[in-house]
Amino acid sequence: MSVKRRKVLEVLDGKCLTPPPIWLMRQAGRYLPEYRETRAKAGSFLDLCYTPELAVEVTLQPIRRYAFDAAILFSDILVIPDALHRNVRFEEGHGPKMDPIDADGVARLSAAGVSDHLRPVFETVSRLRRELPAETTLLGFCGAPWTVATYMIAGHGTPDQAPARLFAYRYPKAFDDLLAFLADISADYLVEQIDAGADAVQIFDSWAGVLGEEEFARFAVEPVRRMIASVRARRPAAKVIAFAKGAGLLLKDYRQSTRADAIGLDWSVPLSFAAELQKDGPVQGNLDPMRVVAGGAALDSGIDRILDALGNGPLIFNLGHGITPQADPDHVAALVSRVRGRR
Ligand code: CP3
């Protein structure tokens, strides 16, 4: 009998698989020549995100090359501010930009039309579920309220999210309202991705690491707890991975408080601590993306250390953050074959 099992889902259910399933954050992207080709055809980056045919194509590219165990919907966390009319644009070499929001702007935010705006994303998800191999897990995603808010407040990326931290101290009421608003529309967005065919979803809190302890509890834990509770109230079987980059020791409480099924680990999380976290449930990560750029012994030893420390528990092999444009596609092939060669 050959039942096609979705291995990433099995690990999210708490199973230990040897070898562990593997996918890579930002597995569709500029390190792949075929991505650069489709991207050039699409015009703008947002056009690529909102054209189901092209978004499906770039999602499938890394699956064809490497047969990863999960495909992640090709989109961006900033389609949410785009749906909120923040004038989001991606300028070549400058990263994302949008109109910075102030306290009055927060009071004027409305959820009207958001779901309609995001319809092409749901169309991409449903097409993907039809086109993907049966054994490939399809992941939907969104940004965590804190990380999305950092871009909405500054209007662009910053090294330490000082503008958003300052806004939170100066305008605590407007800031709480913004996080709660984003949590609610993001939970709706995840439910719609699940209904369109996503098997599980990941919440990216890429900027959690710039928060102090008290702020982490209020701005990273609480909104994500609220989102997961809201998704589960409506879709009780929903599986959620939460990735709070840079959260360090606070990850122990993060899983317990948010009730995420699995937590993502960036490369700074010590493996001994990662093994402790794994006693509470599945973990995902934590290879330094620079090891994939370097290749060779640096790549091999990084992989082996993770498998030695975490390979006997519930593990989804992944990087500690997104793969970078300098990564060599052959190094990715070597990574996949080393993880899969593990017995
Ligand atoms: O393959 C996948 O992982 C799916 C697609 C995906 C993208 N962005 C595509 C993308 C996902 C899951 C994201 C998440 C995302 N986007 C995050 C959270 C994860 C992380 O990396 O921290 C954040 C903070 C963003 C916001 C964002 N989008 C930034 C800061 C940038 C510019 C920086 C850069 O790498 O250029 C983007 C653009 C972006 N999103 C690209 C891709 C493939 C590159 C743009 C291009 O092709 O021109």
# chains A, B, ... in the order shown; residues from 1 in each chain; ligands from 1
>>> select_by_dssp(residues="range 187-258 of chain A", states="strand (DSSP E)", output="PyMOL selection string")
chain A and resi 200-205+240-244
>>> write_last_selection(atoms="C-alpha atoms", output="short mmCIF file (atom, residue, chain, number, x, y, z; two decimals), in the first residue's frame")
data_model
loop_
_atom_site.label_atom_id
_atom_site.label_comp_id
_atom_site.auth_asym_id
_atom_site.auth_seq_id
_atom_site.Cartn_x
_atom_site.Cartn_y
_atom_site.Cartn_z
CA ALA A 200 -0.35 24.47 7.53
CA VAL A 201 0.70 28.09 7.99
CA GLN A 202 3.79 29.90 9.25
CA ILE A 203 3.77 33.24 11.06
CA PHE A 204 6.99 35.23 10.46
CA ASP A 205 8.07 37.52 13.31
CA VAL A 240 0.78 26.67 12.87
CA ILE A 241 4.55 27.23 12.85
CA ALA A 242 5.66 30.42 14.62
CA PHE A 243 9.08 31.90 13.84
CA ALA A 244 10.22 34.64 16.22
#
>>> select_by_dssp(residues="range 279-323 of chain A", states="alpha helix (DSSP H)", output="list of chain:residue names")
A:Lys279, A:Pro289, A:Met290, A:Arg291, A:Val292, A:Val293, A:Ala294, A:Gly296, A:Ala297, A:Ala298, A:Leu299, A:Asp300, A:Ser301, A:Gly302, A:Ile303, A:Asp304, A:Arg305, A:Ile306, A:Leu307, A:Asp308, A:Ala309, A:Leu310
>>> closest_atom_pairs(of="chain A", to="ligand 1", cutoff="6 Å", atoms="only C-alpha atoms and all ligand atoms", output="Markdown table")
| residue | atom | partner | partner_atom_place_in_ligand_line | distance |
| --- | --- | --- | --- | --- |
| A:Met25 | CA | ligand 1 | 3 (O) | 4.5 |
| A:Arg26 | CA | ligand 1 | 3 (O) | 2.9 |
| A:Gln27 | CA | ligand 1 | 1 (O) | 4.2 |
| A:Ala28 | CA | ligand 1 | 1 (O) | 3.8 |
| A:Gly29 | CA | ligand 1 | 43 (C) | 4.1 |
| A:Arg30 | CA | ligand 1 | 47 (O) | 5.8 |
| A:Phe45 | CA | ligand 1 | 48 (O) | 5.5 |
| A:Ile72 | CA | ligand 1 | 4 (C) | 5.4 |
| A:Leu73 | CA | ligand 1 | 4 (C) | 5.7 |
| A:Phe74 | CA | ligand 1 | 5 (C) | 4.3 |
| A:Ser75 | CA | ligand 1 | 5 (C) | 5.0 |
| A:Asp76 | CA | ligand 1 | 8 (N) | 4.3 |
| A:Ile77 | CA | ligand 1 | 16 (N) | 4.8 |
| A:Gly95 | CA | ligand 1 | 32 (C) | 4.1 |
| A:Pro96 | CA | ligand 1 | 32 (C) | 5.6 |
| A:Phe204 | CA | ligand 1 | 18 (C) | 5.2 |
| A:Ser206 | CA | ligand 1 | 22 (O) | 4.4 |
| A:Gly322 | CA | ligand 1 | 21 (O) | 5.1 |
>>> residues_around(residues="Ala70 in chain A", least_positions_apart="2", cutoff="12 Å", atoms="only C-alpha atoms", output="ChimeraX atom specification")
/A:5-11,20-28,59-60,62-64,66-68,72-73,128-129,132-140,198-202,316-318
>>> closest_residue(among="A:Ser272, A:Asn312, A:Asn87, A:Ser186", to="Gly143 in chain A", atoms="only C-alpha atoms")
A:Ser186
>>> atom_distance(atom1="CA of Gly246 in chain A", atom2="CA of Ala208 in chain A")
6.1 Å
>>> closest_atom_pairs(of="range 135-183 of chain A", to="range 213-225 of chain A", cutoff="10 Å", atoms="only C-alpha atoms", output="tab-separated table")
residue	atom	partner	partner_atom	distance
A:Gly143	CA	A:Val224	CA	9.9
A:Ala144	CA	A:Val224	CA	6.6
A:Pro145	CA	A:Pro223	CA	6.5
A:Trp146	CA	A:Phe219	CA	5.8
A:Thr147	CA	A:Ala220	CA	8.6
A:Ala149	CA	A:Phe219	CA	9.9
A:Arg165	CA	A:Glu215	CA	9.0
A:Ala168	CA	A:Glu215	CA	9.1
A:Tyr169	CA	A:Glu215	CA	10.0
A:Phe175	CA	A:Phe219	CA	9.2
A:Asp176	CA	A:Phe219	CA	8.2
A:Leu179	CA	A:Pro223	CA	6.6
A:Ala180	CA	A:Pro223	CA	6.5
A:Phe181	CA	A:Pro223	CA	9.5
A:Leu182	CA	A:Pro223	CA	8.4
A:Ala183	CA	A:Pro223	CA	5.7
>>> closest_residue(among="A:Leu271, A:Gly113, A:Tyr31, A:Asp253", to="His331 in chain A", atoms="only C-alpha atoms")
A:Tyr31
>>> residues_around(residues="Ala294 in chain A", least_positions_apart="6", cutoff="10 Å", atoms="only C-alpha atoms", output="mmCIF file with C-alpha atoms, in the first residue's frame")
data_model
loop_
_atom_site.group_PDB
_atom_site.id
_atom_site.type_symbol
_atom_site.label_atom_id
_atom_site.label_comp_id
_atom_site.auth_asym_id
_atom_site.auth_seq_id
_atom_site.Cartn_x
_atom_site.Cartn_y
_atom_site.Cartn_z
ATOM 1 C CA GLN A 326 24.290 34.730 -3.183
ATOM 2 C CA ALA A 327 23.550 31.075 -2.328
ATOM 3 C CA ASP A 328 24.795 28.622 -4.970
ATOM 4 C CA HIS A 331 25.075 23.977 -2.488
#
>>> closest_residue(among="A:Ala40, A:Leu315, A:Leu299, A:Ile306", to="Gly264 in chain A", atoms="only C-alpha atoms")
A:Leu315
>>> residues_around(residues="Asp288 in chain A", least_positions_apart="5", cutoff="10 Å", atoms="only C-alpha atoms", output="PyMOL selection string")
chain A and resi 266-268+293+298-299+302-303+318-323
>>> write_last_selection(atoms="N, CA and C atoms", output="mmCIF file, in the first residue's frame")
data_model
loop_
_atom_site.group_PDB
_atom_site.id
_atom_site.type_symbol
_atom_site.label_atom_id
_atom_site.label_comp_id
_atom_site.auth_asym_id
_atom_site.auth_seq_id
_atom_site.Cartn_x
_atom_site.Cartn_y
_atom_site.Cartn_z
ATOM 1 N N ASP A 266 16.190 30.518 14.847
ATOM 2 C CA ASP A 266 17.223 31.150 14.039
ATOM 3 C C ASP A 266 18.577 30.533 14.406
ATOM 4 N N TRP A 267 19.626 30.910 13.689
ATOM 5 C CA TRP A 267 20.911 30.223 13.853
ATOM 6 C C TRP A 267 21.635 30.588 15.146
ATOM 7 N N SER A 268 21.143 31.612 15.865
ATOM 8 C CA SER A 268 21.804 31.976 17.119
ATOM 9 C C SER A 268 21.313 31.146 18.305
ATOM 10 N N VAL A 293 25.837 29.614 1.527
ATOM 11 C CA VAL A 293 26.649 30.399 0.601
ATOM 12 C C VAL A 293 28.060 29.815 0.544
ATOM 13 N N ALA A 298 31.943 23.848 5.681
ATOM 14 C CA ALA A 298 31.118 24.700 6.555
ATOM 15 C C ALA A 298 29.651 24.268 6.476
ATOM 16 N N LEU A 299 29.227 23.908 5.290
ATOM 17 C CA LEU A 299 27.848 23.456 5.109
ATOM 18 C C LEU A 299 27.661 22.086 5.761
ATOM 19 N N GLY A 302 27.735 22.116 9.610
ATOM 20 C CA GLY A 302 26.540 22.764 10.164
ATOM 21 C C GLY A 302 25.335 21.823 10.138
ATOM 22 N N ILE A 303 25.179 21.130 9.018
ATOM 23 C CA ILE A 303 24.069 20.169 8.889
ATOM 24 C C ILE A 303 24.215 19.060 9.931
ATOM 25 N N ASN A 318 15.530 23.147 8.316
ATOM 26 C CA ASN A 318 15.344 24.420 7.621
ATOM 27 C C ASN A 318 16.543 25.291 7.949
ATOM 28 N N LEU A 319 16.557 26.477 7.376
ATOM 29 C CA LEU A 319 17.581 27.459 7.714
ATOM 30 C C LEU A 319 17.114 28.258 8.926
ATOM 31 N N GLY A 320 18.049 29.046 9.492
ATOM 32 C CA GLY A 320 17.713 29.921 10.607
ATOM 33 C C GLY A 320 17.091 31.237 10.160
ATOM 34 N N HIS A 321 17.124 31.500 8.842
ATOM 35 C CA HIS A 321 16.443 32.653 8.238
ATOM 36 C C HIS A 321 16.440 32.376 6.736
ATOM 37 N N GLY A 322 15.928 33.309 5.944
ATOM 38 C CA GLY A 322 15.797 33.042 4.517
ATOM 39 C C GLY A 322 17.122 32.836 3.795
ATOM 40 N N ILE A 323 17.058 31.993 2.759
ATOM 41 C CA ILE A 323 18.232 31.797 1.898
ATOM 42 C C ILE A 323 18.518 33.125 1.182
#
>>> residues_around(residues="Ser44 in chain A", least_positions_apart="6", cutoff="10 Å", atoms="only C-alpha atoms", output="short mmCIF file (atom, residue, chain, number, x, y, z; two decimals) with N, CA, C and O atoms, in the first residue's frame")
data_model
loop_
_atom_site.label_atom_id
_atom_site.label_comp_id
_atom_site.auth_asym_id
_atom_site.auth_seq_id
_atom_site.Cartn_x
_atom_site.Cartn_y
_atom_site.Cartn_z
N ARG A 89 5.62 49.57 -2.27
CA ARG A 89 6.37 49.31 -3.50
C ARG A 89 7.73 48.71 -3.16
O ARG A 89 8.26 48.92 -2.07
N PHE A 90 8.24 47.93 -4.08
CA PHE A 90 9.53 47.28 -3.91
C PHE A 90 10.46 47.87 -4.95
O PHE A 90 10.31 47.60 -6.13
N GLU A 91 11.39 48.70 -4.50
CA GLU A 91 12.28 49.33 -5.45
C GLU A 91 13.59 48.54 -5.52
O GLU A 91 14.14 48.17 -4.49
N GLU A 92 14.02 48.29 -6.74
CA GLU A 92 15.23 47.51 -6.99
C GLU A 92 16.39 47.98 -6.11
O GLU A 92 16.76 49.16 -6.15
#
>>> closest_residue(among="A:Phe167, A:Tyr151, A:Tyr189, A:Tyr254", to="Arg86 in chain A", atoms="only C-alpha atoms")
A:Tyr151
>>> decode(residues="range 150-182 of chain A", atoms="N, CA and C atoms", output="PDB file, in the first residue's frame")
ATOM      1  N   THR A 150       6.293  47.153  12.085  1.00  0.00           N
ATOM      2  CA  THR A 150       7.577  47.877  11.996  1.00  0.00           C
ATOM      3  C   THR A 150       7.736  48.525  10.625  1.00  0.00           C
ATOM      4  N   TYR A 151       7.322  47.799   9.568  1.00  0.00           N
ATOM      5  CA  TYR A 151       7.424  48.374   8.212  1.00  0.00           C
ATOM      6  C   TYR A 151       6.378  49.465   8.000  1.00  0.00           C
ATOM      7  N   MET A 152       5.175  49.265   8.567  1.00  0.00           N
ATOM      8  CA  MET A 152       4.116  50.265   8.374  1.00  0.00           C
ATOM      9  C   MET A 152       4.468  51.579   9.060  1.00  0.00           C
ATOM     10  N   ILE A 153       5.147  51.498  10.195  1.00  0.00           N
ATOM     11  CA  ILE A 153       5.464  52.716  10.947  1.00  0.00           C
ATOM     12  C   ILE A 153       6.667  53.446  10.333  1.00  0.00           C
ATOM     13  N   ALA A 154       7.739  52.721  10.038  1.00  0.00           N
ATOM     14  CA  ALA A 154       8.924  53.375   9.472  1.00  0.00           C
ATOM     15  C   ALA A 154       8.709  53.741   8.003  1.00  0.00           C
ATOM     16  N   GLY A 155       7.924  52.925   7.303  1.00  0.00           N
ATOM     17  CA  GLY A 155       7.746  53.132   5.869  1.00  0.00           C
ATOM     18  C   GLY A 155       8.826  52.446   5.047  1.00  0.00           C
ATOM     19  N   HIS A 156       9.732  51.757   5.725  1.00  0.00           N
ATOM     20  CA  HIS A 156      10.816  51.033   5.037  1.00  0.00           C
ATOM     21  C   HIS A 156      11.501  50.150   6.071  1.00  0.00           C
ATOM     22  N   GLY A 157      12.444  49.330   5.631  1.00  0.00           N
ATOM     23  CA  GLY A 157      13.196  48.499   6.571  1.00  0.00           C
ATOM     24  C   GLY A 157      14.208  49.347   7.333  1.00  0.00           C
ATOM     25  N   THR A 158      14.493  48.982   8.568  1.00  0.00           N
ATOM     26  CA  THR A 158      15.521  49.681   9.349  1.00  0.00           C
ATOM     27  C   THR A 158      16.354  48.614  10.057  1.00  0.00           C
ATOM     28  N   PRO A 159      17.563  48.964  10.525  1.00  0.00           N
ATOM     29  CA  PRO A 159      18.407  47.927  11.153  1.00  0.00           C
ATOM     30  C   PRO A 159      17.918  47.481  12.531  1.00  0.00           C
ATOM     31  N   ASP A 160      17.153  48.316  13.237  1.00  0.00           N
ATOM     32  CA  ASP A 160      16.797  47.990  14.627  1.00  0.00           C
ATOM     33  C   ASP A 160      15.344  48.323  14.965  1.00  0.00           C
ATOM     34  N   GLN A 161      14.591  48.728  13.973  1.00  0.00           N
ATOM     35  CA  GLN A 161      13.170  49.071  14.146  1.00  0.00           C
ATOM     36  C   GLN A 161      12.960  50.129  15.225  1.00  0.00           C
ATOM     37  N   ALA A 162      13.898  51.070  15.304  1.00  0.00           N
ATOM     38  CA  ALA A 162      13.767  52.169  16.266  1.00  0.00           C
ATOM     39  C   ALA A 162      12.463  52.962  16.073  1.00  0.00           C
ATOM     40  N   PRO A 163      12.051  53.265  14.835  1.00  0.00           N
ATOM     41  CA  PRO A 163      10.809  54.044  14.700  1.00  0.00           C
ATOM     42  C   PRO A 163       9.598  53.342  15.335  1.00  0.00           C
ATOM     43  N   ALA A 164       9.464  52.048  15.146  1.00  0.00           N
ATOM     44  CA  ALA A 164       8.307  51.330  15.717  1.00  0.00           C
ATOM     45  C   ALA A 164       8.421  51.231  17.236  1.00  0.00           C
ATOM     46  N   ARG A 165       9.650  51.042  17.756  1.00  0.00           N
ATOM     47  CA  ARG A 165       9.807  50.974  19.216  1.00  0.00           C
ATOM     48  C   ARG A 165       9.447  52.326  19.837  1.00  0.00           C
ATOM     49  N   LEU A 166       9.876  53.391  19.188  1.00  0.00           N
ATOM     50  CA  LEU A 166       9.572  54.724  19.700  1.00  0.00           C
ATOM     51  C   LEU A 166       8.063  55.007  19.652  1.00  0.00           C
ATOM     52  N   PHE A 167       7.444  54.649  18.534  1.00  0.00           N
ATOM     53  CA  PHE A 167       5.998  54.829  18.366  1.00  0.00           C
ATOM     54  C   PHE A 167       5.250  54.104  19.495  1.00  0.00           C
ATOM     55  N   ALA A 168       5.707  52.884  19.817  1.00  0.00           N
ATOM     56  CA  ALA A 168       5.028  52.080  20.854  1.00  0.00           C
ATOM     57  C   ALA A 168       5.088  52.765  22.219  1.00  0.00           C
ATOM     58  N   TYR A 169       6.201  53.454  22.520  1.00  0.00           N
ATOM     59  CA  TYR A 169       6.325  54.159  23.810  1.00  0.00           C
ATOM     60  C   TYR A 169       5.529  55.469  23.805  1.00  0.00           C
ATOM     61  N   ARG A 170       5.562  56.165  22.663  1.00  0.00           N
ATOM     62  CA  ARG A 170       4.910  57.474  22.600  1.00  0.00           C
ATOM     63  C   ARG A 170       3.405  57.404  22.469  1.00  0.00           C
ATOM     64  N   TYR A 171       2.941  56.424  21.683  1.00  0.00           N
ATOM     65  CA  TYR A 171       1.498  56.320  21.388  1.00  0.00           C
ATOM     66  C   TYR A 171       1.019  54.914  21.729  1.00  0.00           C
ATOM     67  N   PRO A 172       1.053  54.550  23.014  1.00  0.00           N
ATOM     68  CA  PRO A 172       0.760  53.149  23.370  1.00  0.00           C
ATOM     69  C   PRO A 172      -0.630  52.695  22.930  1.00  0.00           C
ATOM     70  N   LYS A 173      -1.605  53.588  23.007  1.00  0.00           N
ATOM     71  CA  LYS A 173      -2.973  53.189  22.639  1.00  0.00           C
ATOM     72  C   LYS A 173      -3.065  52.914  21.137  1.00  0.00           C
ATOM     73  N   ALA A 174      -2.542  53.842  20.323  1.00  0.00           N
ATOM     74  CA  ALA A 174      -2.580  53.646  18.870  1.00  0.00           C
ATOM     75  C   ALA A 174      -1.790  52.391  18.490  1.00  0.00           C
ATOM     76  N   PHE A 175      -0.680  52.163  19.201  1.00  0.00           N
ATOM     77  CA  PHE A 175       0.150  51.007  18.857  1.00  0.00           C
ATOM     78  C   PHE A 175      -0.585  49.704  19.183  1.00  0.00           C
ATOM     79  N   ASP A 176      -1.205  49.631  20.366  1.00  0.00           N
ATOM     80  CA  ASP A 176      -1.984  48.434  20.715  1.00  0.00           C
ATOM     81  C   ASP A 176      -3.112  48.209  19.714  1.00  0.00           C
ATOM     82  N   ASP A 177      -3.761  49.304  19.315  1.00  0.00           N
ATOM     83  CA  ASP A 177      -4.850  49.183  18.331  1.00  0.00           C
ATOM     84  C   ASP A 177      -4.320  48.630  17.009  1.00  0.00           C
ATOM     85  N   LEU A 178      -3.149  49.122  16.601  1.00  0.00           N
ATOM     86  CA  LEU A 178      -2.566  48.653  15.341  1.00  0.00           C
ATOM     87  C   LEU A 178      -2.274  47.149  15.408  1.00  0.00           C
ATOM     88  N   LEU A 179      -1.642  46.702  16.501  1.00  0.00           N
ATOM     89  CA  LEU A 179      -1.323  45.273  16.618  1.00  0.00           C
ATOM     90  C   LEU A 179      -2.593  44.425  16.649  1.00  0.00           C
ATOM     91  N   ALA A 180      -3.600  44.869  17.383  1.00  0.00           N
ATOM     92  CA  ALA A 180      -4.842  44.087  17.475  1.00  0.00           C
ATOM     93  C   ALA A 180      -5.539  44.027  16.117  1.00  0.00           C
ATOM     94  N   PHE A 181      -5.532  45.158  15.408  1.00  0.00           N
ATOM     95  CA  PHE A 181      -6.144  45.203  14.068  1.00  0.00           C
ATOM     96  C   PHE A 181      -5.414  44.236  13.129  1.00  0.00           C
ATOM     97  N   LEU A 182      -4.084  44.310  13.137  1.00  0.00           N
ATOM     98  CA  LEU A 182      -3.299  43.425  12.259  1.00  0.00           C
ATOM     99  C   LEU A 182      -3.499  41.960  12.642  1.00  0.00           C
TER     100      LEU A 182
END
